[in-house]
>>> print(open('query19.pdb').read())   # PDB, C-alpha atoms, pLDDT in the B column
ATOM      1  CA  MET P 161     -82.172  -3.250 -19.285  1.00 83.00           C
ATOM      2  CA  LEU P 162     -79.126  -1.077 -19.746  1.00 87.00           C
ATOM      3  CA  GLU P 163     -78.452  -2.461 -23.232  1.00 90.00           C
ATOM      4  CA  THR P 164     -82.059  -2.686 -24.436  1.00 92.00           C
ATOM      5  CA  GLY P 165     -84.041  -0.063 -22.496  1.00 91.00           C
ATOM      6  CA  MET P 166     -86.559  -2.695 -21.410  1.00 92.00           C
ATOM      7  CA  ARG P 167     -88.453  -2.328 -18.144  1.00 90.00           C
ATOM      8  CA  VAL P 168     -87.418  -4.804 -15.456  1.00 90.00           C
ATOM      9  CA  GLY P 169     -90.730  -6.697 -15.637  1.00 89.00           C
ATOM     10  CA  ASP P 170     -90.307  -7.192 -19.387  1.00 90.00           C
ATOM     11  CA  ALA P 171     -86.617  -8.110 -19.101  1.00 90.00           C
ATOM     12  CA  ILE P 172     -87.421 -10.812 -16.538  1.00 90.00           C
ATOM     13  CA  ARG P 173     -89.921 -12.316 -18.989  1.00 89.00           C
ATOM     14  CA  TYR P 174     -87.437 -12.300 -21.897  1.00 92.00           C
ATOM     15  CA  ASP P 175     -88.161 -15.342 -24.076  1.00 92.00           C
ATOM     16  CA  PRO P 176     -85.265 -16.304 -26.366  1.00 92.00           C
ATOM     17  CA  SER P 177     -87.525 -18.535 -28.477  1.00 91.00           C
ATOM     18  CA  VAL P 178     -89.151 -15.479 -30.090  1.00 93.00           C
ATOM     19  CA  THR P 179     -85.871 -13.638 -30.734  1.00 95.00           C
ATOM     20  CA  VAL P 180     -84.980 -13.553 -34.433  1.00 96.00           C
ATOM     21  CA  LYS P 181     -81.746 -12.665 -36.198  1.00 96.00           C
ATOM     22  CA  GLY P 182     -81.928  -9.376 -38.076  1.00 94.00           C
ATOM     23  CA  GLU P 183     -79.378  -8.052 -40.521  1.00 94.00           C
ATOM     24  CA  HIS P 184     -77.126  -6.663 -37.762  1.00 94.00           C
ATOM     25  CA  LEU P 185     -78.886  -7.294 -34.444  1.00 95.00           C
ATOM     26  CA  TRP P 186     -81.160  -9.820 -32.780  1.00 95.00           C
ATOM     27  CA  ILE P 187     -84.773  -8.619 -32.577  1.00 94.00           C
ATOM     28  CA  TYR P 188     -86.992  -9.497 -29.625  1.00 94.00           C
ATOM     29  CA  THR P 189     -90.667  -8.625 -30.078  1.00 93.00           C
ATOM     30  CA  PHE P 190     -92.872  -8.620 -26.992  1.00 91.00           C
ATOM     31  CA  VAL P 191     -96.003  -7.071 -25.523  1.00 89.00           C
ATOM     32  CA  PRO P 192     -94.947  -4.873 -22.589  1.00 87.00           C
ATOM     33  CA  GLN P 193     -96.209  -5.802 -19.167  1.00 82.00           C
ATOM     34  CA  LYS P 194     -96.975  -2.165 -18.352  1.00 77.00           C
ATOM     35  CA  LYS P 195     -99.636  -0.537 -20.480  1.00 70.00           C
ATOM     36  CA  LYS P 196    -102.483   1.927 -20.163  1.00 69.00           C
ATOM     37  CA  LYS P 197    -105.827   0.397 -19.274  1.00 70.00           C
ATOM     38  CA  THR P 198    -107.496   1.980 -22.291  1.00 69.00           C
ATOM     39  CA  ASP P 199    -104.866   0.933 -24.844  1.00 71.00           C
ATOM     40  CA  GLN P 200    -104.817  -2.164 -26.977  1.00 77.00           C
ATOM     41  CA  PRO P 201    -101.579  -4.094 -26.402  1.00 76.00           C
ATOM     42  CA  LYS P 202     -98.857  -2.867 -28.770  1.00 83.00           C
ATOM     43  CA  PRO P 203     -95.866  -5.084 -29.458  1.00 87.00           C
ATOM     44  CA  LEU P 204     -92.447  -3.508 -28.906  1.00 89.00           C
ATOM     45  CA  GLU P 205     -89.111  -4.479 -30.357  1.00 91.00           C
ATOM     46  CA  SER P 206     -85.857  -4.618 -28.417  1.00 92.00           C
ATOM     47  CA  TYR P 207     -82.545  -5.125 -30.121  1.00 94.00           C
ATOM     48  CA  LEU P 208     -79.757  -7.309 -28.776  1.00 94.00           C
ATOM     49  CA  THR P 209     -76.167  -7.364 -29.946  1.00 94.00           C
ATOM     50  CA  GLU P 210     -74.574 -10.692 -30.772  1.00 95.00           C
ATOM     51  CA  ARG P 211     -72.442 -10.349 -27.618  1.00 94.00           C
ATOM     52  CA  LEU P 212     -75.492  -9.851 -25.371  1.00 93.00           C
ATOM     53  CA  LYS P 213     -77.506 -12.638 -27.032  1.00 94.00           C
ATOM     54  CA  THR P 214     -74.587 -15.075 -26.656  1.00 94.00           C
ATOM     55  CA  ALA P 215     -74.060 -14.100 -23.000  1.00 93.00           C
ATOM     56  CA  ILE P 216     -77.744 -14.698 -22.216  1.00 93.00           C
ATOM     57  CA  ASP P 217     -77.791 -18.004 -24.083  1.00 92.00           C
ATOM     58  CA  GLN P 218     -74.718 -19.205 -22.181  1.00 93.00           C
ATOM     59  CA  CYS P 219     -75.740 -18.109 -18.675  1.00 91.00           C
ATOM     60  CA  GLU P 220     -77.365 -20.454 -16.188  1.00 90.00           C
ATOM     61  CA  TRP P 221     -81.109 -20.146 -16.747  1.00 90.00           C
ATOM     62  CA  LEU P 222     -83.525 -19.897 -13.838  1.00 88.00           C
ATOM     63  CA  SER P 223     -86.313 -21.780 -15.637  1.00 87.00           C
ATOM     64  CA  PRO P 224     -86.536 -24.194 -18.589  1.00 85.00           C
ATOM     65  CA  ASN P 225     -87.812 -21.561 -21.055  1.00 82.00           C
ATOM     66  CA  CYS P 226     -86.776 -18.156 -19.721  1.00 87.00           C
ATOM     67  CA  PRO P 227     -83.313 -17.249 -18.449  1.00 87.00           C
ATOM     68  CA  PHE P 228     -84.437 -14.740 -15.805  1.00 87.00           C
ATOM     69  CA  HIS P 229     -87.844 -16.001 -14.650  1.00 84.00           C
ATOM     70  CA  TYR P 230     -88.401 -18.572 -11.956  1.00 79.00           C
ATOM     71  CA  GLY P 231     -91.274 -19.819  -9.837  1.00 78.00           C
ATOM     72  CA  ALA P 232     -94.965 -19.065  -9.901  1.00 78.00           C
ATOM     73  CA  PHE P 233     -96.154 -16.114  -7.868  1.00 78.00           C
ATOM     74  CA  ARG P 234     -99.597 -14.593  -7.334  1.00 81.00           C
ATOM     75  CA  ASN P 235     -98.124 -11.113  -7.485  1.00 83.00           C
ATOM     76  CA  LYS P 236     -96.952 -10.573 -11.084  1.00 78.00           C
ATOM     77  CA  ALA P 237     -94.591  -7.836  -9.904  1.00 82.00           C
ATOM     78  CA  TYR P 238     -92.845 -10.063  -7.336  1.00 87.00           C
ATOM     79  CA  LEU P 239     -89.674 -10.699  -9.357  1.00 88.00           C
ATOM     80  CA  ALA P 240     -89.426  -7.084 -10.515  1.00 87.00           C
ATOM     81  CA  ASN P 241     -89.733  -5.980  -6.886  1.00 89.00           C
ATOM     82  CA  GLU P 242     -86.975  -8.421  -5.921  1.00 90.00           C
ATOM     83  CA  VAL P 243     -84.672  -6.909  -8.558  1.00 91.00           C
ATOM     84  CA  TYR P 244     -85.568  -3.439  -7.245  1.00 90.00           C
ATOM     85  CA  ASN P 245     -84.709  -4.455  -3.674  1.00 92.00           C
ATOM     86  CA  ARG P 246     -81.386  -6.006  -4.719  1.00 91.00           C
ATOM     87  CA  MET P 247     -80.409  -2.886  -6.641  1.00 90.00           C
ATOM     88  CA  GLN P 248     -81.303  -0.684  -3.673  1.00 92.00           C
ATOM     89  CA  THR P 249     -79.023  -2.820  -1.470  1.00 92.00           C
ATOM     90  CA  ILE P 250     -76.195  -2.681  -4.013  1.00 90.00           C
ATOM     91  CA  GLY P 251     -76.617   1.094  -4.280  1.00 89.00           C
ATOM     92  CA  GLU P 252     -76.460   1.545  -0.522  1.00 91.00           C
ATOM     93  CA  ARG P 253     -73.306  -0.567  -0.278  1.00 91.00           C
ATOM     94  CA  CYS P 254     -71.636   1.267  -3.164  1.00 90.00           C
ATOM     95  CA  GLY P 255     -72.784   4.758  -2.233  1.00 89.00           C
ATOM     96  CA  VAL P 256     -75.016   5.164  -5.319  1.00 85.00           C
ATOM     97  CA  ALA P 257     -78.154   7.105  -4.384  1.00 85.00           C
ATOM     98  CA  ASP P 258     -81.506   5.882  -5.715  1.00 84.00           C
ATOM     99  CA  CYS P 259     -80.047   2.798  -7.430  1.00 89.00           C
ATOM    100  CA  ARG P 260     -82.991   1.028  -9.038  1.00 88.00           C
ATOM    101  CA  PRO P 261     -83.805  -0.806 -12.275  1.00 89.00           C
ATOM    102  CA  HIS P 262     -85.447   2.181 -13.960  1.00 86.00           C
ATOM    103  CA  ARG P 263     -82.128   4.047 -13.789  1.00 86.00           C
ATOM    104  CA  LEU P 264     -80.781   1.524 -16.294  1.00 88.00           C
ATOM    105  CA  ARG P 265     -83.617   2.473 -18.634  1.00 87.00           C
ATOM    106  CA  ASP P 266     -82.894   6.176 -18.086  1.00 86.00           C
ATOM    107  CA  THR P 267     -79.222   5.587 -18.819  1.00 87.00           C
ATOM    108  CA  PHE P 268     -80.106   3.700 -22.000  1.00 89.00           C
ATOM    109  CA  ALA P 269     -82.127   6.711 -23.215  1.00 87.00           C
ATOM    110  CA  VAL P 270     -79.417   9.244 -22.360  1.00 86.00           C
ATOM    111  CA  ARG P 271     -76.701   7.179 -24.023  1.00 88.00           C
ATOM    112  CA  LYS P 272     -78.776   6.832 -27.189  1.00 88.00           C
ATOM    113  CA  LEU P 273     -79.492  10.571 -27.312  1.00 85.00           C
ATOM    114  CA  LEU P 274     -75.846  11.452 -26.660  1.00 85.00           C
ATOM    115  CA  GLY P 275     -74.845   8.903 -29.285  1.00 88.00           C
ATOM    116  CA  GLY P 276     -76.800  10.781 -31.945  1.00 87.00           C
ATOM    117  CA  PHE P 277     -80.120   8.912 -32.016  1.00 87.00           C
ATOM    118  CA  GLN P 278     -83.129  11.032 -32.897  1.00 86.00           C
ATOM    119  CA  LEU P 279     -85.655  11.657 -30.125  1.00 84.00           C
ATOM    120  CA  ASP P 280     -88.363   9.887 -32.178  1.00 84.00           C
ATOM    121  CA  ASP P 281     -86.227   6.759 -32.358  1.00 87.00           C
ATOM    122  CA  VAL P 282     -85.407   6.735 -28.646  1.00 87.00           C
ATOM    123  CA  SER P 283     -89.080   7.319 -27.875  1.00 87.00           C
ATOM    124  CA  ARG P 284     -90.040   4.334 -30.021  1.00 86.00           C
ATOM    125  CA  LEU P 285     -87.364   2.083 -28.488  1.00 89.00           C
ATOM    126  CA  LEU P 286     -88.711   2.883 -25.022  1.00 87.00           C
ATOM    127  CA  GLY P 287     -92.313   2.338 -26.087  1.00 84.00           C
ATOM    128  CA  ARG P 288     -93.197   5.921 -25.213  1.00 77.00           C
ATOM    129  CA  GLU P 289     -96.061   7.943 -26.612  1.00 69.00           C
ATOM    130  CA  GLY P 290     -94.012  10.994 -27.490  1.00 63.00           C
ATOM    131  CA  HIS P 291     -91.035  13.263 -27.014  1.00 61.00           C
ATOM    132  CA  ARG P 292     -92.260  14.872 -23.808  1.00 60.00           C
ATOM    133  CA  ASP P 293     -92.248  11.536 -21.957  1.00 60.00           C
ATOM    134  CA  VAL P 294     -88.632  10.873 -22.928  1.00 62.00           C
ATOM    135  CA  LEU P 295     -87.494  14.420 -22.175  1.00 60.00           C
ATOM    136  CA  CYS P 296     -89.125  14.258 -18.754  1.00 57.00           C
ATOM    137  CA  GLU P 297     -87.565  10.873 -18.089  1.00 58.00           C
ATOM    138  CA  VAL P 298     -84.038  12.040 -18.851  1.00 60.00           C
ATOM    139  CA  GLY P 299     -84.444  15.346 -17.071  1.00 59.00           C
ATOM    140  CA  GLY P 300     -84.715  17.555 -20.133  1.00 56.00           C
ATOM    141  CA  LEU P 301     -87.738  19.507 -18.932  1.00 45.00           C
ATOM    142  CA  PRO P 302     -86.815  21.490 -15.823  1.00 45.00           C
ATOM    143  CA  GLN P 303     -90.298  23.017 -15.577  1.00 45.00           C
ATOM    144  CA  ALA P 304     -92.302  19.845 -16.146  1.00 41.00           C
ATOM    145  CA  PRO P 305     -95.971  19.904 -15.169  1.00 44.00           C
ATOM    146  CA  PRO P 306     -96.904  18.579 -11.708  1.00 45.00           C
ATOM    147  CA  GLY P 307     -97.412  14.825 -11.594  1.00 41.00           C
ATOM    148  CA  THR P 308     -95.112  14.026 -14.517  1.00 38.00           C
ATOM    149  CA  LEU P 309     -91.802  12.220 -14.447  1.00 38.00           C
ATOM    150  CA  GLY P 310     -90.064  15.543 -14.976  1.00 40.00           C
ATOM    151  CA  CYS P 311     -91.181  16.709 -11.555  1.00 35.00           C
ATOM    152  CA  ARG P 312     -89.358  13.818  -9.947  1.00 39.00           C
ATOM    153  CA  VAL P 313     -86.233  14.318 -12.015  1.00 39.00           C
ATOM    154  CA  SER P 314     -84.347  17.521 -11.454  1.00 36.00           C
ATOM    155  CA  ARG P 315     -81.962  18.850 -14.075  1.00 37.00           C
ATOM    156  CA  GLU P 316     -79.099  18.896 -11.556  1.00 36.00           C
ATOM    157  CA  ARG P 317     -79.385  15.138 -11.066  1.00 40.00           C
ATOM    158  CA  VAL P 318     -79.105  14.152 -14.724  1.00 42.00           C
ATOM    159  CA  GLY P 319     -75.347  13.530 -14.662  1.00 43.00           C
ATOM    160  CA  PRO P 320     -74.787  11.668 -11.391  1.00 43.00           C
ATOM    161  CA  ARG P 321     -78.040   9.730 -11.374  1.00 43.00           C
ATOM    162  CA  PHE P 322     -77.245   7.673 -14.434  1.00 44.00           C
ATOM    163  CA  LEU P 323     -75.277   4.530 -13.778  1.00 44.00           C
ATOM    164  CA  GLY P 324     -71.937   4.585 -15.500  1.00 45.00           C
ATOM    165  CA  SER P 325     -71.764   8.373 -15.806  1.00 45.00           C
ATOM    166  CA  LYS P 326     -68.479  10.134 -15.136  1.00 42.00           C
ATOM    167  CA  ALA P 327     -70.065  12.899 -13.042  1.00 42.00           C
TER     168      ALA P 327
END
>>> encode(input="query19.pdb", output="structure tokens")
Amino acid sequence: MLETGMRVGDAIRYDPSVTVKGEHLWIYTFVPQKKKKTDQPKPLESYLTERLKTAIDQCEWLSPNCPFHYGAFRNKAYLANEVYNRMQTIGERCGVADCRPHRLRDTFAVRKLLGGFQLDDVSRLLGREGHRDVLCEVGGLPQAPPGTLGCRVSRERVGPRFLGSKA
């Protein structure tokens, strides 16, 4: 999630059998679990470095086909919720406020923007509709409209809230 920007539900369902070698990176194409009810499913691409792909291939897999998915559950969000709960516990023990999987996605976006990626490219990598969604997510809109992500993300929290930040 931190390396690819994928949502936790999509990362859990990562299927190595559909990952193909690109010129410089591995490309994983998938249909996101989260989508608008009115939209047709749109495939997204995530890019994995050789180091990440090798680490996943060599780890102990939780199921025969997918490294991070196990069991059959009625609630499709069960595993994602379990990851959320584990991260909350880790955050509490380490003194990291609001430690949750989506923070990895936020950090991915901030790192890409700080690394010189264009907003359009980061937006596309996250599967977002436009710039405003990404800016709200990373705290770039201090006066975001009510009900948007920007309302939940204050500008003062941008530094400390991202995992791995120096602030």
>>> resolve_selection(input="query19.pdb", expression="the PyMOL selection byres ((chain P and resi 168) around 12)", output="PDB file with C-alpha atoms, keeping the file's coordinate frame")
ATOM      1  CA  MET P 161     -82.172  -3.250 -19.285  1.00 83.00           C
ATOM      2  CA  LEU P 162     -79.126  -1.077 -19.746  1.00 87.00           C
ATOM      3  CA  THR P 164     -82.059  -2.686 -24.436  1.00 92.00           C
ATOM      4  CA  GLY P 165     -84.041  -0.063 -22.496  1.00 91.00           C
ATOM      5  CA  MET P 166     -86.559  -2.695 -21.410  1.00 92.00           C
ATOM      6  CA  ARG P 167     -88.453  -2.328 -18.144  1.00 90.00           C
ATOM      7  CA  GLY P 169     -90.730  -6.697 -15.637  1.00 89.00           C
ATOM      8  CA  ASP P 170     -90.307  -7.192 -19.387  1.00 90.00           C
ATOM      9  CA  ALA P 171     -86.617  -8.110 -19.101  1.00 90.00           C
ATOM     10  CA  ILE P 172     -87.421 -10.812 -16.538  1.00 90.00           C
ATOM     11  CA  ARG P 173     -89.921 -12.316 -18.989  1.00 89.00           C
ATOM     12  CA  TYR P 174     -87.437 -12.300 -21.897  1.00 92.00           C
ATOM     13  CA  PRO P 192     -94.947  -4.873 -22.589  1.00 87.00           C
ATOM     14  CA  GLN P 193     -96.209  -5.802 -19.167  1.00 82.00           C
ATOM     15  CA  LYS P 194     -96.975  -2.165 -18.352  1.00 77.00           C
ATOM     16  CA  PHE P 228     -84.437 -14.740 -15.805  1.00 87.00           C
ATOM     17  CA  HIS P 229     -87.844 -16.001 -14.650  1.00 84.00           C
ATOM     18  CA  LYS P 236     -96.952 -10.573 -11.084  1.00 78.00           C
ATOM     19  CA  ALA P 237     -94.591  -7.836  -9.904  1.00 82.00           C
ATOM     20  CA  TYR P 238     -92.845 -10.063  -7.336  1.00 87.00           C
ATOM     21  CA  LEU P 239     -89.674 -10.699  -9.357  1.00 88.00           C
ATOM     22  CA  ALA P 240     -89.426  -7.084 -10.515  1.00 87.00           C
ATOM     23  CA  ASN P 241     -89.733  -5.980  -6.886  1.00 89.00           C
ATOM     24  CA  GLU P 242     -86.975  -8.421  -5.921  1.00 90.00           C
ATOM     25  CA  VAL P 243     -84.672  -6.909  -8.558  1.00 91.00           C
ATOM     26  CA  TYR P 244     -85.568  -3.439  -7.245  1.00 90.00           C
ATOM     27  CA  MET P 247     -80.409  -2.886  -6.641  1.00 90.00           C
ATOM     28  CA  ARG P 260     -82.991   1.028  -9.038  1.00 88.00           C
ATOM     29  CA  PRO P 261     -83.805  -0.806 -12.275  1.00 89.00           C
ATOM     30  CA  HIS P 262     -85.447   2.181 -13.960  1.00 86.00           C
ATOM     31  CA  ARG P 263     -82.128   4.047 -13.789  1.00 86.00           C
ATOM     32  CA  LEU P 264     -80.781   1.524 -16.294  1.00 88.00           C
ATOM     33  CA  ARG P 265     -83.617   2.473 -18.634  1.00 87.00           C
TER      34      ARG P 265
END
>>> closest_residue(input="query19.pdb", among="P:Leu204, P:Cys226, P:Leu274, P:Val178", to="Leu286 (chain P)", atoms="only C-alpha atoms")
P:Leu204
>>> atom_distance(input="query19.pdb", atom1="CA of Leu285 (chain P)", atom2="CA of Phe268 (chain P)")
9.9 Å
>>> atom_distance(input="query19.pdb", atom1="CA of Asn225 (chain P)", atom2="CA of Val191 (chain P)")
17.2 Å
>>> closest_residue(input="query19.pdb", among="P:Thr179, P:Glu205, P:Phe190, P:Leu222", to="Asp281 (chain P)", atoms="only C-alpha atoms")
P:Glu205
>>> atom_distance(input="query19.pdb", atom1="CA of Pro176 (chain P)", atom2="CA of Gly287 (chain P)")
19.9 Å
